[in-house]
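**Student:** Just data_11.csv, nothing more (CSV, C-alpha atoms):
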chain,number,residue,atom,x,y,z
P,1,MET,CA,15.8,4.4,-25.0
P,2,THR,CA,15.8,1.7,-22.3
P,3,ASP,CA,13.6,1.7,-19.3
P,4,PRO,CA,15.7,1.6,-16.0
P,5,PRO,CA,15.1,-1.3,-13.6
P,6,ARG,CA,12.3,-0.6,-11.2
P,7,LEU,CA,12.5,-0.8,-7.4
P,8,ILE,CA,10.2,-3.8,-7.2
P,9,GLU,CA,12.7,-5.8,-9.3
P,10,ALA,CA,15.3,-5.4,-6.6
P,11,ALA,CA,13.4,-5.0,-3.3
P,12,PHE,CA,10.0,-4.7,-1.7
P,13,PRO,CA,8.9,-3.6,1.9
P,14,LEU,CA,7.2,-6.9,2.5
P,15,LYS,CA,7.3,-7.0,6.3
P,16,GLN,CA,6.0,-3.4,6.6
P,17,ALA,CA,3.2,-4.1,4.0
P,18,LEU,CA,2.1,-7.2,6.0
P,19,LEU,CA,2.2,-5.4,9.4
P,20,ASP,CA,0.1,-2.5,8.0
P,21,PHE,CA,-2.3,-4.9,6.3
P,22,VAL,CA,-3.0,-6.6,9.6
P,23,HIS,CA,-3.7,-3.2,11.1
P,24,GLU,CA,-5.9,-2.3,8.1
P,25,LYS,CA,-7.8,-5.6,8.4
P,26,ASN,CA,-8.7,-4.8,12.0
P,27,VAL,CA,-10.0,-1.3,11.3
P,28,ARG,CA,-13.8,-1.4,11.5
P,29,HIS,CA,-14.9,2.2,11.2
P,30,GLY,CA,-13.7,4.8,8.7
P,31,HIS,CA,-11.8,2.5,6.4
P,32,ILE,CA,-12.6,2.6,2.7
P,33,SER,CA,-13.2,-1.2,2.6
P,34,THR,CA,-16.3,-0.8,4.8
P,35,LEU,CA,-18.1,1.0,2.0
P,36,HIS,CA,-19.0,-2.3,0.3
P,37,ILE,CA,-18.1,-5.9,0.7
P,38,TRP,CA,-16.0,-7.5,-2.0
P,39,PRO,CA,-15.1,-11.1,-1.8
P,40,ALA,CA,-11.5,-10.8,-3.0
P,41,ARG,CA,-10.5,-7.4,-1.6
P,42,ARG,CA,-6.9,-6.6,-2.0
P,43,PRO,CA,-5.0,-5.1,1.0
P,44,LEU,CA,-4.5,-1.4,0.4
P,45,ALA,CA,-1.0,-1.4,2.0
P,46,ALA,CA,0.3,-4.1,-0.4
P,47,CYS,CA,-1.3,-2.3,-3.4
P,48,CYS,CA,0.3,1.0,-2.4
P,49,ALA,CA,3.7,-0.6,-1.9
P,50,ALA,CA,3.5,-2.5,-5.1
P,51,LEU,CA,2.4,0.5,-7.2
P,52,ILE,CA,5.1,2.8,-5.8
P,53,ALA,CA,7.8,0.2,-6.1
P,54,THR,CA,6.7,-0.4,-9.7
P,55,LEU,CA,6.6,3.2,-10.7
P,56,LEU,CA,9.9,4.3,-9.2
P,57,PRO,CA,13.3,3.3,-10.6
P,58,ASP,CA,15.7,1.3,-8.5
P,59,PRO,CA,18.2,3.6,-6.7
P,60,ASP,CA,21.9,3.2,-7.5
P,61,THR,CA,23.1,2.0,-4.1
P,62,PRO,CA,21.9,-0.4,-1.4
P,63,GLU,CA,21.9,2.6,1.1
P,64,GLU,CA,19.6,4.6,-1.2
P,65,ARG,CA,17.4,1.5,-1.8
P,66,LYS,CA,17.0,0.9,2.0
P,67,GLU,CA,16.2,4.6,2.6
P,68,LEU,CA,13.5,4.5,-0.2
P,69,LEU,CA,12.0,1.3,1.2
P,70,GLU,CA,11.8,2.9,4.7
P,71,LYS,CA,10.2,5.9,3.2
P,72,ILE,CA,7.5,3.6,1.6
P,73,GLY,CA,7.0,1.2,4.5
P,74,GLY,CA,8.4,2.9,7.5
P,75,ARG,CA,10.6,1.3,10.2
P,76,VAL,CA,9.5,-1.9,12.0
P,77,VAL,CA,9.5,-1.3,15.8
P,78,GLN,CA,8.5,-3.4,18.7
P,79,LYS,CA,5.7,-2.3,21.0
P,80,THR,CA,4.6,-3.7,24.3
P,81,GLU,CA,0.8,-4.0,24.8
P,82,ARG,CA,-0.7,-4.4,28.2
P,83,LYS,CA,-4.1,-6.1,28.7
P,84,ARG,CA,-5.9,-6.5,31.9
P,85,LEU,CA,-7.7,-9.8,32.2
P,86,ALA,CA,-11.0,-10.4,34.0
P,87,SER,CA,-9.0,-11.9,36.9
P,88,GLY,CA,-7.2,-8.6,37.3
P,89,ARG,CA,-3.9,-10.0,36.1
P,90,VAL,CA,-2.1,-7.9,33.5
P,91,VAL,CA,-0.6,-9.7,30.5
P,92,GLU,CA,2.1,-8.0,28.4
P,93,THR,CA,2.5,-8.9,24.7
P,94,VAL,CA,5.3,-7.7,22.5
P,95,CYS,CA,4.2,-7.1,18.9
P,96,GLU,CA,5.7,-5.3,15.9
P,97,GLU,CA,4.3,-2.3,14.1
P,98,THR,CA,5.5,0.3,11.7
P,99,GLU,CA,6.6,3.9,12.3
P,100,GLY,CA,6.5,6.3,9.4
P,101,GLY,CA,6.1,5.3,5.8
P,102,ILE,CA,2.9,5.8,3.8
P,103,LEU,CA,1.3,2.3,4.0
P,104,HIS,CA,-0.4,2.5,7.4
P,105,TRP,CA,-4.1,3.4,7.2
P,106,GLY,CA,-5.0,6.4,9.3
P,107,ARG,CA,-1.7,8.2,9.2
P,108,GLU,CA,-2.5,10.2,6.1
P,109,THR,CA,-2.3,13.6,7.8
P,110,GLU,CA,1.1,13.0,9.4
P,111,ASN,CA,2.5,11.5,6.2
P,112,ARG,CA,1.3,14.2,3.8
P,113,ASP,CA,4.8,15.5,3.1
P,114,THR,CA,6.1,12.0,2.3
P,115,LEU,CA,3.3,11.3,0.0
P,116,GLU,CA,3.9,14.6,-1.8
P,117,TRP,CA,7.6,13.7,-2.1
P,118,PHE,CA,6.5,10.4,-3.8
P,119,ARG,CA,4.2,12.3,-6.2
P,120,GLN,CA,7.1,14.5,-7.2
P,121,GLU,CA,9.6,11.6,-7.6
P,122,ILE,CA,7.1,9.6,-9.7
P,123,ARG,CA,6.5,12.6,-12.0
P,124,ASN,CA,10.2,13.1,-12.3
P,125,ALA,CA,10.6,9.4,-13.3
P,126,TYR,CA,8.0,10.0,-16.0
P,127,GLY,CA,9.3,13.2,-17.6
P,128,GLY,CA,7.3,15.5,-15.4
P,129,ARG,CA,3.9,14.0,-16.1
P,130,ALA,CA,1.7,11.6,-14.2
P,131,PRO,CA,2.1,8.0,-15.3
P,132,ARG,CA,-1.0,6.1,-16.5
P,133,VAL,CA,-2.1,3.0,-14.6
P,134,LEU,CA,-4.6,0.5,-16.1
P,135,ASP,CA,-6.5,-2.0,-13.9
P,136,PRO,CA,-8.5,-4.2,-16.3
P,137,PHE,CA,-10.1,-6.1,-13.5
P,138,ALA,CA,-10.8,-3.5,-10.8
P,139,GLY,CA,-13.1,-5.6,-8.7
P,140,GLY,CA,-12.6,-4.1,-5.2
P,141,ARG,CA,-11.0,-0.9,-6.6
P,142,ALA,CA,-7.9,-1.2,-4.4
P,143,ILE,CA,-5.4,-0.7,-7.2
P,144,PRO,CA,-7.2,2.3,-8.7
P,145,LEU,CA,-7.6,3.9,-5.3
P,146,GLU,CA,-4.0,3.5,-4.4
P,147,ALA,CA,-2.8,4.7,-7.9
P,148,MET,CA,-4.7,7.9,-7.4
P,149,ARG,CA,-2.9,8.7,-4.1
P,150,PRO,CA,0.4,9.4,-5.9
P,151,ALA,CA,-1.6,11.3,-8.5
P,152,CYS,CA,-1.5,8.8,-11.4
P,153,GLU,CA,-3.9,8.9,-14.3
P,154,VAL,CA,-6.0,5.8,-13.6
P,155,THR,CA,-8.2,3.8,-15.9
P,156,ALA,CA,-10.2,1.0,-14.3
P,157,ILE,CA,-12.6,-1.5,-15.9
P,158,ILE,CA,-15.2,-2.4,-13.4
P,159,LEU,CA,-17.5,-5.3,-14.3
P,160,PRO,CA,-20.8,-5.8,-12.6
P,161,ARG,CA,-20.5,-8.4,-9.9
P,162,HIS,CA,-22.7,-11.0,-11.6
P,163,LEU,CA,-20.8,-10.7,-14.9
P,164,HIS,CA,-17.5,-10.9,-13.1
P,165,VAL,CA,-18.6,-14.2,-11.4
P,166,ASP,CA,-19.8,-15.6,-14.7
P,167,LEU,CA,-16.5,-14.7,-16.4
P,168,VAL,CA,-14.4,-16.2,-13.6
P,169,GLY,CA,-16.7,-19.3,-13.5
P,170,SER,CA,-16.4,-19.9,-17.2
P,171,ALA,CA,-12.6,-19.7,-17.2
Output the structure of this file as structure tokens.
**Tutor:**
Amino acid sequence: MTDPPRLIEAAFPLKQALLDFVHEKNVRHGHISTLHIWPARRPLAACCAALIATLLPDPDTPEERKELLEKIGGRVVQKTERKRLASGRVVETVCEETEGGILHWGRETENRDTLEWFRQEIRNAYGGRAPRVLDPFAGGRAIPLEAMRPACEVTAIILPRHLHVDLVGSA
């Protein structure tokens, strides 16, 4: 039995992951990363996109692939932000952000159905069971956290910080 090619081998929602990471980096209250400071924290948006793209097989057609990538990362849209300066002048800035997808922190409630769809698709790809994900160096716990969202069975090896620094320093 051969394993089918994975989505991550053909495509990845890079722009959407980067846009949602910028948003995630600027959230100061209510974000999981504020529980403790970890020097090499991984962006949750990128971890989520990488895990789902690794777990799901690549669709047969470019149209299905594009649809799946949009379901993961959403659509990139332009937004105009207005900011009033101290002088009273209003400055408009055009920026990009994502709409939809499951990568954007804080949209968990509105994206509940999409996340459930991914859970089911991942289980279907693994014969009806949850796949196992191992993170042998789960420093900031981003990968285990994002692997639990689509209901994977997760094993994470978490070294004490002082031991982790010693191991990295001796390499």
**Student:** Under the rule that all atoms listed in the file are counted, which of P:Leu56, P:Pro13, P:Phe137, P:Leu51 is the nearest residue to Arg149 of chain P?
**Tutor:**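 With all atoms listed in the file as the atom set, the closest residue is P:Leu51.
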**Student:** Which is closer to Lys15 of chain P than all the others in P:Glu92, P:Glu97, P:Asp58, P:Glu64, using only C-alpha atoms?
**Tutor:**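 Checking each candidate against Lys15 of chain P, we get P:Glu97 as the closest.
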**Student:** When you count all atoms listed in the file, which of these residues is closest to Thr80 of chain P: P:Thr2, P:Thr93, P:Gln120, P:Thr54?
**Tutor:**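 Using all atoms listed in the file, the shortest distance to Thr80 of chain P belongs to P:Thr93.
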**Student:** Between P:Ala50, P:Leu19, P:Leu7, P:Ile157, which has the minimum distance to Pro136 of chain P (counting all atoms listed in the file)?
**Tutor:**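 Once distances to Pro136 of chain P are computed over all atoms listed in the file, the minimum belongs to P:Ile157.
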**Student:** My list of candidates is P:Ala125, P:Leu134, P:Cys47, P:Ile102. Which is closest to Gly73 of chain P when distances are computed with all atoms listed in the file?
**Tutor:**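 Ranking P:Ala125, P:Leu134, P:Cys47, P:Ile102 by distance to Gly73 of chain P, first place goes to P:Ile102.
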**Student:** With all atoms listed in the file counted, which protein, DNA or RNA residues have an atom no more than 8 Å from (-11.8, 3.6, -11.1) in the file frame? Please answer as an MDAnalysis selection string.
**Tutor:** chainID P and resid 138 141 144:145 154:158
**Student:** What does the structure give for the distance between atom CA of Arg75 of chain P and atom CA of Glu99 of chain P, in Å to one decimal?
**Tutor:** 5.2 Å
**Student:** Quick one: of P:Arg123, P:Arg107, P:Arg132, P:Arg6, who's nearest to Gly74 of chain P, counting all atoms listed in the file?
**Tutor:**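 Answer, going by the shortest atom-to-atom distance: P:Arg107.
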**Student:** Please measure the separation of atom CA of Val76 of chain P and atom CA of Pro57 of chain P, giving the value in Å to one decimal.
**Tutor:**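 Result for atom CA of Val76 of chain P versus atom CA of Pro57 of chain P: 23.5 Å, one decimal.
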**Student:** Kindly give the distance, in Å, that separates atom CA of Gly101 of chain P and atom CA of Lys71 of chain P, rounded to a single decimal.
**Tutor:**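 The value is 4.9 Å.
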